[in-house]
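Okay, start_18.pdb now, which holds PDB, C-alpha atoms:
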```pdb
ATOM      1  CA  MET A   9       0.000   0.000   0.000
ATOM      2  CA  SER A  10       1.255   3.489  -0.912
ATOM      3  CA  THR A  11       2.292   5.768   1.936
ATOM      4  CA  CYS A  12       2.085   8.832  -0.293
ATOM      5  CA  ASN A  13      -0.269  11.617   0.780
ATOM      6  CA  HIS A  14      -1.554  11.947  -2.768
ATOM      7  CA  LYS A  15      -2.086  15.241  -4.566
ATOM      8  CA  TRP A  16      -4.278  14.280  -7.501
ATOM      9  CA  SER A  17      -4.551  16.024 -10.862
ATOM     10  CA  MET A  18      -6.704  15.228 -13.867
ATOM     11  CA  VAL A  19      -4.922  13.733 -16.867
ATOM     12  CA  ASN A  20      -5.928  12.117 -20.155
ATOM     13  CA  ILE A  21      -8.959  14.374 -20.453
ATOM     14  CA  ARG A  22     -10.878  13.372 -23.567
ATOM     15  CA  SER A  23     -14.203  14.444 -25.013
ATOM     16  CA  GLY A  24     -16.803  12.188 -26.576
ATOM     17  CA  TYR A  25     -20.217  10.733 -25.988
ATOM     18  CA  LEU A  26     -21.753   8.674 -23.235
ATOM     19  CA  VAL A  27     -23.919   6.198 -25.122
ATOM     20  CA  VAL A  28     -26.703   4.432 -23.226
ATOM     21  CA  GLU A  29     -28.186   1.146 -24.470
ATOM     22  CA  GLY A  30     -30.981  -1.046 -23.235
ATOM     23  CA  CYS A  31     -31.617  -4.784 -23.646
ATOM     24  CA  HIS A  32     -35.245  -5.223 -24.667
ATOM     25  CA  LYS A  33     -35.114  -8.823 -23.490
ATOM     26  CA  CYS A  34     -33.914  -8.454 -19.889
ATOM     27  CA  LYS A  35     -34.439  -4.668 -19.502
ATOM     28  CA  ALA A  36     -30.808  -4.170 -18.455
ATOM     29  CA  ARG A  37     -29.118  -0.894 -19.261
ATOM     30  CA  ALA A  38     -25.516  -0.477 -20.272
ATOM     31  CA  SER A  39     -23.391   2.459 -21.277
ATOM     32  CA  PHE A  40     -20.052   3.099 -22.891
ATOM     33  CA  PHE A  41     -17.891   6.050 -23.816
ATOM     34  CA  SER A  42     -17.373   6.735 -27.492
ATOM     35  CA  ALA A  43     -14.708   9.076 -28.792
ATOM     36  CA  GLU A  44     -16.132   8.851 -32.327
ATOM     37  CA  PRO A  45     -17.219  12.126 -33.988
ATOM     38  CA  VAL A  46     -20.777  10.736 -34.142
ATOM     39  CA  PRO A  47     -21.958   8.305 -31.447
ATOM     40  CA  PRO A  48     -22.843   4.790 -32.725
ATOM     41  CA  VAL A  49     -26.578   4.031 -32.763
ATOM     42  CA  ASP A  50     -26.678   0.483 -34.189
ATOM     43  CA  ASP A  51     -28.600  -2.330 -32.490
ATOM     44  CA  TYR A  52     -26.664  -5.577 -31.950
ATOM     45  CA  GLN A  53     -26.689  -8.889 -30.113
ATOM     46  CA  ASP A  54     -24.052  -9.678 -27.500
ATOM     47  CA  GLY A  55     -24.543 -13.076 -25.884
ATOM     48  CA  GLU A  56     -27.997 -13.129 -24.320
ATOM     49  CA  HIS A  57     -28.459  -9.372 -24.657
ATOM     50  CA  PHE A  58     -30.090  -7.511 -27.539
ATOM     51  CA  TRP A  59     -28.809  -3.983 -27.163
ATOM     52  CA  THR A  60     -30.793  -1.048 -28.511
ATOM     53  CA  TYR A  61     -29.567   2.540 -28.569
ATOM     54  CA  LEU A  62     -31.432   4.635 -25.993
ATOM     55  CA  GLY A  63     -29.589   7.917 -26.247
ATOM     56  CA  SER A  64     -26.317   9.720 -25.861
ATOM     57  CA  SER A  65     -24.919  12.845 -24.316
ATOM     58  CA  GLN A  66     -21.696  14.746 -24.711
ATOM     59  CA  ALA A  67     -19.328  13.735 -21.946
ATOM     60  CA  VAL A  68     -15.760  14.030 -20.743
ATOM     61  CA  LYS A  69     -13.568  11.245 -19.415
ATOM     62  CA  PHE A  70     -10.379  11.592 -17.436
ATOM     63  CA  ASP A  71      -7.904   9.754 -15.261
ATOM     64  CA  LEU A  72      -6.149  10.919 -12.103
ATOM     65  CA  THR A  73      -2.445  11.075 -11.426
ATOM     66  CA  CYS A  74      -0.588  11.907  -8.230
ATOM     67  CA  ASP A  75       1.740  14.896  -8.614
ATOM     68  CA  LYS A  76       3.938  13.546  -5.807
ATOM     69  CA  CYS A  77       4.434   9.840  -6.521
ATOM     70  CA  GLY A  78       3.310   9.600 -10.146
ATOM     71  CA  GLU A  79       0.663   6.951  -9.516
ATOM     72  CA  VAL A  80      -2.030   6.954 -12.198
ATOM     73  CA  VAL A  81      -5.563   5.805 -11.444
ATOM     74  CA  ASN A  82      -7.363   4.724 -14.588
ATOM     75  CA  LEU A  83     -11.044   5.686 -14.589
ATOM     76  CA  ASP A  84     -12.115   3.846 -17.735
ATOM     77  CA  ASP A  85     -14.668   1.990 -15.622
ATOM     78  CA  MET A  86     -16.450   5.216 -14.649
ATOM     79  CA  MET A  87     -19.077   6.419 -17.123
ATOM     80  CA  GLY A  88     -20.197   9.483 -15.213
ATOM     81  CA  LEU A  89     -21.000  11.138 -11.896
ATOM     82  CA  MET A  90     -24.399  11.724 -10.334
ATOM     83  CA  LEU A  91     -25.243  13.986  -7.408
ATOM     84  CA  SER A  92     -27.421  11.775  -5.226
ATOM     85  CA  THR A  93     -30.731  13.178  -4.017
ATOM     86  CA  CYS A  94     -31.992   9.728  -2.998
ATOM     87  CA  ARG A  95     -34.152   9.480   0.123
ATOM     88  CA  GLU A  96     -35.043   5.794  -0.247
ATOM     89  CA  PRO A  97     -34.702   4.271   3.255
ATOM     90  CA  GLU A  98     -33.481   0.949   1.873
ATOM     91  CA  CYS A  99     -30.754   2.539  -0.262
ATOM     92  CA  GLU A 100     -27.234   2.521   1.189
ATOM     93  CA  VAL A 101     -26.356   5.764  -0.614
ATOM     94  CA  ALA A 102     -29.309   7.543   0.993
ATOM     95  CA  ARG A 103     -28.212   6.194   4.384
ATOM     96  CA  ILE A 104     -24.667   7.479   3.868
ATOM     97  CA  ALA A 105     -26.077  10.921   3.027
ATOM     98  CA  ALA A 106     -28.344  10.895   6.078
ATOM     99  CA  ASP A 107     -25.459   9.881   8.365
ATOM    100  CA  GLN A 108     -23.215  12.671   7.067
ATOM    101  CA  GLY A 109     -25.671  15.536   7.361
ATOM    102  CA  LYS A 110     -25.551  19.087   6.020
ATOM    103  CA  GLY A 111     -22.537  20.176   4.009
ATOM    104  CA  THR A 112     -21.662  16.716   2.735
ATOM    105  CA  TRP A 113     -22.602  15.916  -0.837
ATOM    106  CA  ILE A 114     -22.769  12.361  -2.110
ATOM    107  CA  TYR A 115     -21.774  11.783  -5.720
ATOM    108  CA  VAL A 116     -22.365   8.371  -7.260
ATOM    109  CA  ALA A 117     -19.736   7.136  -9.721
ATOM    110  CA  LEU A 118     -21.649   5.349 -12.463
ATOM    111  CA  CYS A 119     -20.232   2.214 -14.062
ATOM    112  CA  ALA A 120     -21.203   0.722 -17.427
ATOM    113  CA  ASP A 121     -23.612  -2.000 -16.298
ATOM    114  CA  SER A 122     -26.681  -1.040 -14.277
ATOM    115  CA  THR A 123     -27.362  -4.678 -13.358
ATOM    116  CA  HIS A 124     -23.886  -5.274 -11.890
ATOM    117  CA  ALA A 125     -24.379  -8.848 -13.075
ATOM    118  CA  THR A 126     -20.644  -9.296 -13.516
ATOM    119  CA  GLY A 127     -20.020  -8.110  -9.961
ATOM    120  CA  LYS A 128     -17.901  -5.233 -11.259
ATOM    121  CA  CYS A 129     -18.354  -1.538 -10.595
ATOM    122  CA  VAL A 130     -16.032   1.464 -10.421
ATOM    123  CA  SER A 131     -12.822   0.321  -8.714
ATOM    124  CA  ASP A 132     -12.109   1.016  -5.034
ATOM    125  CA  ALA A 133      -8.907   2.790  -6.071
ATOM    126  CA  GLY A 134     -10.898   5.005  -8.443
ATOM    127  CA  ILE A 135     -13.504   5.867  -5.802
ATOM    128  CA  LYS A 136     -10.804   6.726  -3.251
ATOM    129  CA  ALA A 137      -8.849   8.862  -5.709
ATOM    130  CA  LEU A 138     -11.968  10.707  -6.903
ATOM    131  CA  THR A 139     -12.985  11.510  -3.332
ATOM    132  CA  GLU A 140      -9.485  12.738  -2.500
ATOM    133  CA  TYR A 141      -9.222  14.727  -5.739
ATOM    134  CA  PHE A 142     -12.475  16.655  -5.383
ATOM    135  CA  ASN A 143     -12.065  17.285  -1.647
ATOM    136  CA  GLY A 144      -8.484  18.350  -2.229
ATOM    137  CA  ASN A 145      -9.690  21.174  -4.455
ATOM    138  CA  ILE A 146     -12.618  22.342  -2.323
ATOM    139  CA  ARG A 147     -11.872  25.591  -0.449
ATOM    140  CA  ASP A 148     -15.132  25.868   1.461
ATOM    141  CA  PRO A 149     -14.472  24.483   4.975
ATOM    142  CA  ASP A 150     -18.152  23.620   5.356
ATOM    143  CA  LYS A 151     -18.297  21.503   2.221
ATOM    144  CA  LYS A 152     -17.254  17.876   1.730
ATOM    145  CA  VAL A 153     -17.749  15.408  -1.110
ATOM    146  CA  ILE A 154     -18.050  11.660  -0.798
ATOM    147  CA  VAL A 155     -17.865   9.605  -3.984
ATOM    148  CA  VAL A 156     -19.469   6.159  -3.837
ATOM    149  CA  PRO A 157     -19.755   3.425  -6.481
ATOM    150  CA  CYS A 158     -23.178   2.917  -8.068
ATOM    151  CA  VAL A 159     -23.270  -0.660  -6.793
ATOM    152  CA  LYS A 160     -24.214   0.871  -3.425
ATOM    153  CA  CYS A 161     -27.482   2.181  -4.888
ATOM    154  CA  LYS A 162     -30.489   0.009  -4.216
ATOM    155  CA  SER A 163     -31.252   0.311  -7.910
ATOM    156  CA  ILE A 164     -29.329   2.673 -10.127
ATOM    157  CA  ASP A 165     -32.301   2.680 -12.517
ATOM    158  CA  THR A 166     -34.632   4.121  -9.884
ATOM    159  CA  CYS A 167     -32.323   5.990  -7.501
ATOM    160  CA  GLU A 168     -32.901   9.747  -7.580
ATOM    161  CA  GLY A 169     -30.046  11.987  -8.561
ATOM    162  CA  ILE A 170     -28.737  14.591 -10.973
ATOM    163  CA  VAL A 171     -26.384  13.150 -13.575
ATOM    164  CA  ILE A 172     -23.593  15.441 -14.737
ATOM    165  CA  ALA A 173     -24.127  15.059 -18.464
ATOM    166  CA  ASP A 174     -24.998  17.211 -21.441
ATOM    167  CA  THR A 175     -28.113  15.357 -22.493
ATOM    168  CA  GLY A 176     -29.801  16.944 -25.469
ATOM    169  CA  LEU A 177     -26.990  19.362 -26.200
ATOM    170  CA  THR A 178     -26.415  17.944 -29.683
ATOM    171  CA  ASP A 179     -30.032  17.245 -30.583
ATOM    172  CA  ILE A 180     -30.174  20.093 -33.066
ATOM    173  CA  TYR A 181     -27.257  18.749 -35.114
TER
ATOM    174  CA  MET B  19     -12.786  40.987  -5.076
ATOM    175  CA  LYS B  20     -15.764  39.405  -3.353
ATOM    176  CA  VAL B  21     -18.817  38.093  -5.187
ATOM    177  CA  SER B  22     -21.042  40.842  -3.754
ATOM    178  CA  GLU B  23     -18.632  43.516  -4.983
ATOM    179  CA  LEU B  24     -18.621  42.035  -8.463
ATOM    180  CA  ALA B  25     -22.424  41.956  -8.444
ATOM    181  CA  GLU B  26     -22.566  45.623  -7.499
ATOM    182  CA  LYS B  27     -19.918  46.802  -9.963
ATOM    183  CA  SER B  28     -21.320  44.887 -12.930
ATOM    184  CA  GLY B  29     -25.031  45.355 -12.217
ATOM    185  CA  LEU B  30     -25.857  41.701 -11.699
ATOM    186  CA  ASN B  31     -29.285  40.600 -10.510
ATOM    187  CA  SER B  32     -29.008  38.182  -7.604
ATOM    188  CA  LEU B  33     -31.333  35.166  -7.503
ATOM    189  CA  ASN B  34     -30.505  33.706  -4.095
ATOM    190  CA  GLU B  35     -28.600  33.981  -0.852
ATOM    191  CA  TYR B  36     -24.985  32.876  -1.131
ATOM    192  CA  LYS B  37     -21.630  32.652   0.581
ATOM    193  CA  ASP B  38     -19.788  35.859  -0.239
ATOM    194  CA  LYS B  39     -16.442  34.372  -1.256
ATOM    195  CA  VAL B  40     -13.350  36.050  -2.674
ATOM    196  CA  ILE B  41     -13.273  35.374  -6.417
ATOM    197  CA  GLU B  42     -10.194  33.511  -7.611
ATOM    198  CA  GLY B  43     -10.862  33.123 -11.315
ATOM    199  CA  VAL B  44     -13.322  32.762 -14.161
ATOM    200  CA  TYR B  45     -14.460  29.886 -16.327
ATOM    201  CA  ILE B  46     -16.822  30.157 -19.274
ATOM    202  CA  SER B  47     -18.637  27.049 -20.470
ATOM    203  CA  ASP B  48     -22.055  25.849 -21.573
ATOM    204  CA  MET B  49     -21.214  22.157 -21.097
ATOM    205  CA  VAL B  50     -21.691  20.728 -17.613
ATOM    206  CA  SER B  51     -19.311  17.837 -18.296
ATOM    207  CA  ASP B  52     -16.654  20.380 -19.247
ATOM    208  CA  ILE B  53     -17.111  22.303 -16.004
ATOM    209  CA  ILE B  54     -15.749  19.528 -13.793
ATOM    210  CA  THR B  55     -12.531  19.460 -15.797
ATOM    211  CA  GLY B  56     -12.119  23.214 -16.226
ATOM    212  CA  ALA B  57     -13.736  25.287 -13.487
ATOM    213  CA  LYS B  58     -11.848  25.932 -10.238
ATOM    214  CA  ALA B  59     -12.749  26.455  -6.603
ATOM    215  CA  ASN B  60     -13.932  29.980  -5.725
ATOM    216  CA  GLY B  61     -14.220  30.801  -9.414
ATOM    217  CA  ILE B  62     -17.015  32.527 -11.270
ATOM    218  CA  LEU B  63     -18.786  30.405 -13.873
ATOM    219  CA  VAL B  64     -20.300  32.264 -16.827
ATOM    220  CA  THR B  65     -22.840  30.299 -18.843
ATOM    221  CA  LEU B  66     -26.039  30.167 -20.870
ATOM    222  CA  GLN B  67     -26.870  26.769 -19.396
ATOM    223  CA  THR B  68     -29.627  26.721 -16.755
ATOM    224  CA  HIS B  69     -30.100  22.960 -16.247
ATOM    225  CA  LYS B  70     -29.979  21.508 -12.735
ATOM    226  CA  SER B  71     -26.977  19.369 -13.669
ATOM    227  CA  LEU B  72     -25.019  22.616 -13.935
ATOM    228  CA  ILE B  73     -25.338  23.026 -10.154
ATOM    229  CA  ALA B  74     -24.293  19.399  -9.559
ATOM    230  CA  ALA B  75     -21.118  20.078 -11.546
ATOM    231  CA  ALA B  76     -20.423  23.528 -10.080
ATOM    232  CA  ASN B  77     -20.863  22.252  -6.536
ATOM    233  CA  LEU B  78     -18.434  19.409  -7.135
ATOM    234  CA  VAL B  79     -15.646  21.843  -8.025
ATOM    235  CA  ASP B  80     -16.694  24.435  -5.394
ATOM    236  CA  VAL B  81     -17.577  27.271  -7.752
ATOM    237  CA  ALA B  82     -18.346  30.511  -5.865
ATOM    238  CA  ALA B  83     -20.991  31.933  -8.166
ATOM    239  CA  ILE B  84     -22.681  31.408 -11.508
ATOM    240  CA  VAL B  85     -23.630  34.221 -13.880
ATOM    241  CA  PHE B  86     -26.311  33.486 -16.461
ATOM    242  CA  VAL B  87     -25.862  35.699 -19.483
ATOM    243  CA  ARG B  88     -28.429  37.092 -21.961
ATOM    244  CA  GLY B  89     -31.086  37.216 -19.274
ATOM    245  CA  LYS B  90     -31.363  33.429 -18.886
ATOM    246  CA  ARG B  91     -33.077  32.422 -15.652
ATOM    247  CA  PRO B  92     -33.044  28.955 -14.062
ATOM    248  CA  THR B  93     -36.147  27.378 -12.571
ATOM    249  CA  GLY B  94     -36.942  27.472  -8.866
ATOM    250  CA  ASP B  95     -35.581  23.992  -8.109
ATOM    251  CA  VAL B  96     -32.233  24.969  -9.624
ATOM    252  CA  VAL B  97     -32.099  28.129  -7.504
ATOM    253  CA  GLU B  98     -32.997  26.101  -4.412
ATOM    254  CA  LEU B  99     -30.228  23.558  -5.019
ATOM    255  CA  ALA B 100     -27.656  26.307  -5.574
ATOM    256  CA  GLY B 101     -28.769  27.937  -2.330
ATOM    257  CA  LYS B 102     -28.161  24.710  -0.408
ATOM    258  CA  ALA B 103     -24.675  24.591  -1.933
ATOM    259  CA  GLY B 104     -23.986  28.237  -1.055
ATOM    260  CA  ILE B 105     -23.455  29.059  -4.734
ATOM    261  CA  GLY B 106     -24.563  32.530  -5.753
ATOM    262  CA  LEU B 107     -26.714  32.748  -8.863
ATOM    263  CA  PHE B 108     -26.843  35.962 -10.876
ATOM    264  CA  VAL B 109     -28.386  37.148 -14.116
ATOM    265  CA  THR B 110     -27.112  39.713 -16.580
ATOM    266  CA  ASP B 111     -28.615  40.876 -19.860
ATOM    267  CA  MET B 112     -25.107  41.092 -21.342
ATOM    268  CA  ASP B 113     -23.931  38.397 -23.739
ATOM    269  CA  THR B 114     -20.989  36.187 -22.826
ATOM    270  CA  TRP B 115     -18.380  38.278 -24.623
ATOM    271  CA  SER B 116     -19.586  41.571 -23.172
ATOM    272  CA  PHE B 117     -19.654  40.157 -19.643
ATOM    273  CA  ALA B 118     -16.213  38.569 -20.055
ATOM    274  CA  THR B 119     -14.908  41.963 -21.179
ATOM    275  CA  LYS B 120     -16.503  43.537 -18.098
ATOM    276  CA  LEU B 121     -14.813  40.977 -15.840
ATOM    277  CA  ASN B 122     -11.499  41.727 -17.487
ATOM    278  CA  GLU B 123     -11.971  45.455 -16.932
ATOM    279  CA  LEU B 124     -12.616  44.733 -13.264
ATOM    280  CA  GLY B 125      -9.381  42.755 -13.047
ATOM    281  CA  ILE B 126     -10.992  39.331 -12.708
ATOM    282  CA  LYS B 127      -9.193  36.825 -14.940
TER
END
```
Translate this structure into C-alpha cells?
Amino acid sequence: MSTCNHKWSMVNIRSGYLVVEGCHKCKARASFFSAEPVPPVDDYQDGEHFWTYLGSSQAVKFDLTCDKCGEVVNLDDMMGLMLSTCREPECEVARIAADQGKGTWIYVALCADSTHATGKCVSDAGIKALTEYFNGNIRDPDKKVIVVPCVKCKSIDTCEGIVIADTGLTDIY
Amino acid sequence: MKVSELAEKSGLNSLNEYKDKVIEGVYISDMVSDIITGAKANGILVTLQTHKSLIAAANLVDVAAIVFVRGKRPTGDVVELAGKAGIGLFVTDMDTWSFATKLNELGIK
C-alpha cells in the first residue's frame, strides 16, 4: 500500500459521448464512452443481450495522477457522476447521506452495467482517488464530497439523482 | 474581489442567498461535463446553461458563483439547489463576450 499523501490532478482528459443502451429482453441498461465524432446508434446482439440505442450525451472522461508519486488511477470503468438526491430508506447511498448531514454531498460514480451482473463496478482505487481529488480542491471548509460506487445504490435505474451530463446538447445537429 | 462587490460593480441581478467568497478566477462554459474538468474552486462560472446538472457540476468543483448571461433564468428547483450549496446565482442581460470583457476590466481573470 502506498504511503504517499496523494495530490491528484486530472490527466488524459478526452471528449466524446456517453452512449446508453438497453436490452429489450432483460431490460438491463448499459453504457459506454465513445470518442467517435458521431456516437454509434446500431442495435446488436451480445450473448444473451439484444442492445438497442437509448440515447447519448456529450461527456468528458479523465484519469487521475498523483503529482507527488506519479501513480495513475485509470477511470475507464467510470461512465459518469451523479449527485445523489436519494431518500429511499433501503438505499445505502441515501443512508450514507443521512449519516453525514448538512454540508456533505454524495456523488455516485456510475459504471457501465446497471445490473452489476458481472459483480464489477467502479474500482475502489478510483472511488478513493476521486474523493481525494475533489475534496483536495474544495476551499469551502463547510463543504465535503463523498464519492461512492453505483453498486451501493439500491437500484441505479430508480435511484434519484442529478447526472452530470450534457443530455440533449447535440439534438439540433 | 468578493462576489457581492462584483455583483454591485457589474449590475448583476441576484437570484438567491450565497456565501460571499473572494473570487479567484473565471471559467466560461455551456457544457456541464466540461465544467468539472475546467472550473476551479472559488471561481465565477459564466454560462447560458440553466439545467440543474449545472449546479451538480459547479458544486463538485466548489464554484463561488454562476452568472447566467443574456437574461437566462433557471427554474426554482435549480435556484434552491444552488442555495443549499452556497453558490450565488446571478443574471445579466449582457452576452458572454460583453460580460467577459466587463470581468477583465474589473481585473478578474
Residues within 6 Å of Leu26 of chain A, please, as a list of chain:residue names. Count all atoms listed in the file; anything in the same chain fewer than 6 positions from it doesn't count.
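Surrounding residues, per the criterion: A:Phe40, A:Phe41, A:Ser64, A:Ser65, A:Ala67.
Residues of chain A lying within 7 Å of chain B, counting all atoms listed in the file, are Ala67, Val68, Leu91, Phe142, Asn145, Ile146, Arg147, Ile170, Val171, Ile172, Ala173 and Asp174 of chain A.
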Which residues fall under the PyMOL selection byres ((chain B and resi 121) around 12) in this file, as a ChimeraX atom specification?
/B:19,21,23-25,27-30,41,43-46,62-64,85,112,114-120,122-127
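Between atom CA of Ser32 of chain B and atom CA of Val87 of chain B there is a distance of 12.5 Å.
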Explicit residue set for the PyMOL selection byres ((chain A and resi 150-162) around 8), as a PDB file with C-alpha atoms, in the coordinates of the input:
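result_19.pdb, freshly written:
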```
ATOM      1  CA  GLU A  98     -33.481   0.949   1.873  1.00  0.00           C
ATOM      2  CA  CYS A  99     -30.754   2.539  -0.262  1.00  0.00           C
ATOM      3  CA  GLU A 100     -27.234   2.521   1.189  1.00  0.00           C
ATOM      4  CA  VAL A 101     -26.356   5.764  -0.614  1.00  0.00           C
ATOM      5  CA  GLY A 111     -22.537  20.176   4.009  1.00  0.00           C
ATOM      6  CA  THR A 112     -21.662  16.716   2.735  1.00  0.00           C
ATOM      7  CA  TRP A 113     -22.602  15.916  -0.837  1.00  0.00           C
ATOM      8  CA  ILE A 114     -22.769  12.361  -2.110  1.00  0.00           C
ATOM      9  CA  TYR A 115     -21.774  11.783  -5.720  1.00  0.00           C
ATOM     10  CA  VAL A 116     -22.365   8.371  -7.260  1.00  0.00           C
ATOM     11  CA  ALA A 117     -19.736   7.136  -9.721  1.00  0.00           C
ATOM     12  CA  LEU A 118     -21.649   5.349 -12.463  1.00  0.00           C
ATOM     13  CA  CYS A 119     -20.232   2.214 -14.062  1.00  0.00           C
ATOM     14  CA  HIS A 124     -23.886  -5.274 -11.890  1.00  0.00           C
ATOM     15  CA  CYS A 129     -18.354  -1.538 -10.595  1.00  0.00           C
ATOM     16  CA  VAL A 130     -16.032   1.464 -10.421  1.00  0.00           C
ATOM     17  CA  SER A 131     -12.822   0.321  -8.714  1.00  0.00           C
ATOM     18  CA  ILE A 135     -13.504   5.867  -5.802  1.00  0.00           C
ATOM     19  CA  LYS A 136     -10.804   6.726  -3.251  1.00  0.00           C
ATOM     20  CA  LEU A 138     -11.968  10.707  -6.903  1.00  0.00           C
ATOM     21  CA  THR A 139     -12.985  11.510  -3.332  1.00  0.00           C
ATOM     22  CA  PHE A 142     -12.475  16.655  -5.383  1.00  0.00           C
ATOM     23  CA  ASN A 143     -12.065  17.285  -1.647  1.00  0.00           C
ATOM     24  CA  ILE A 146     -12.618  22.342  -2.323  1.00  0.00           C
ATOM     25  CA  ASP A 148     -15.132  25.868   1.461  1.00  0.00           C
ATOM     26  CA  PRO A 149     -14.472  24.483   4.975  1.00  0.00           C
ATOM     27  CA  SER A 163     -31.252   0.311  -7.910  1.00  0.00           C
ATOM     28  CA  ILE A 164     -29.329   2.673 -10.127  1.00  0.00           C
ATOM     29  CA  CYS A 167     -32.323   5.990  -7.501  1.00  0.00           C
TER      30      CYS A 167
ATOM     31  CA  LEU B  78     -18.434  19.409  -7.135  1.00  0.00           C
TER      32      LEU B  78
END
```
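In this structure, atom CA of Val40 of chain B sits 10.3 Å away from atom CA of Ala83 of chain B.
Note that atom CA of Leu107 of chain B and atom CA of Tyr36 of chain B are 7.9 Å apart.
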For Tyr52 of chain A, the nearest of the candidates A:Ala120, A:Cys31, A:Ala133, A:Leu83, counting all atoms listed in the file
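Smallest separation from Tyr52 of chain A among the options: A:Cys31.
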Run through the PyMOL selection byres ((chain B and resi 91) around 10) on the given coordinates and return the selected residues as a VMD selection string.
chain B and resid 33 66 to 69 85 to 90 92 to 94 96 to 97 107 to 110
Using all atoms listed in the file, can you tell me which of A:Ile104, A:Met18, A:Val27, A:Val80 comes closest to Gln66 of chain A?
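So, comparing all the options, the nearest one is A:Val27.
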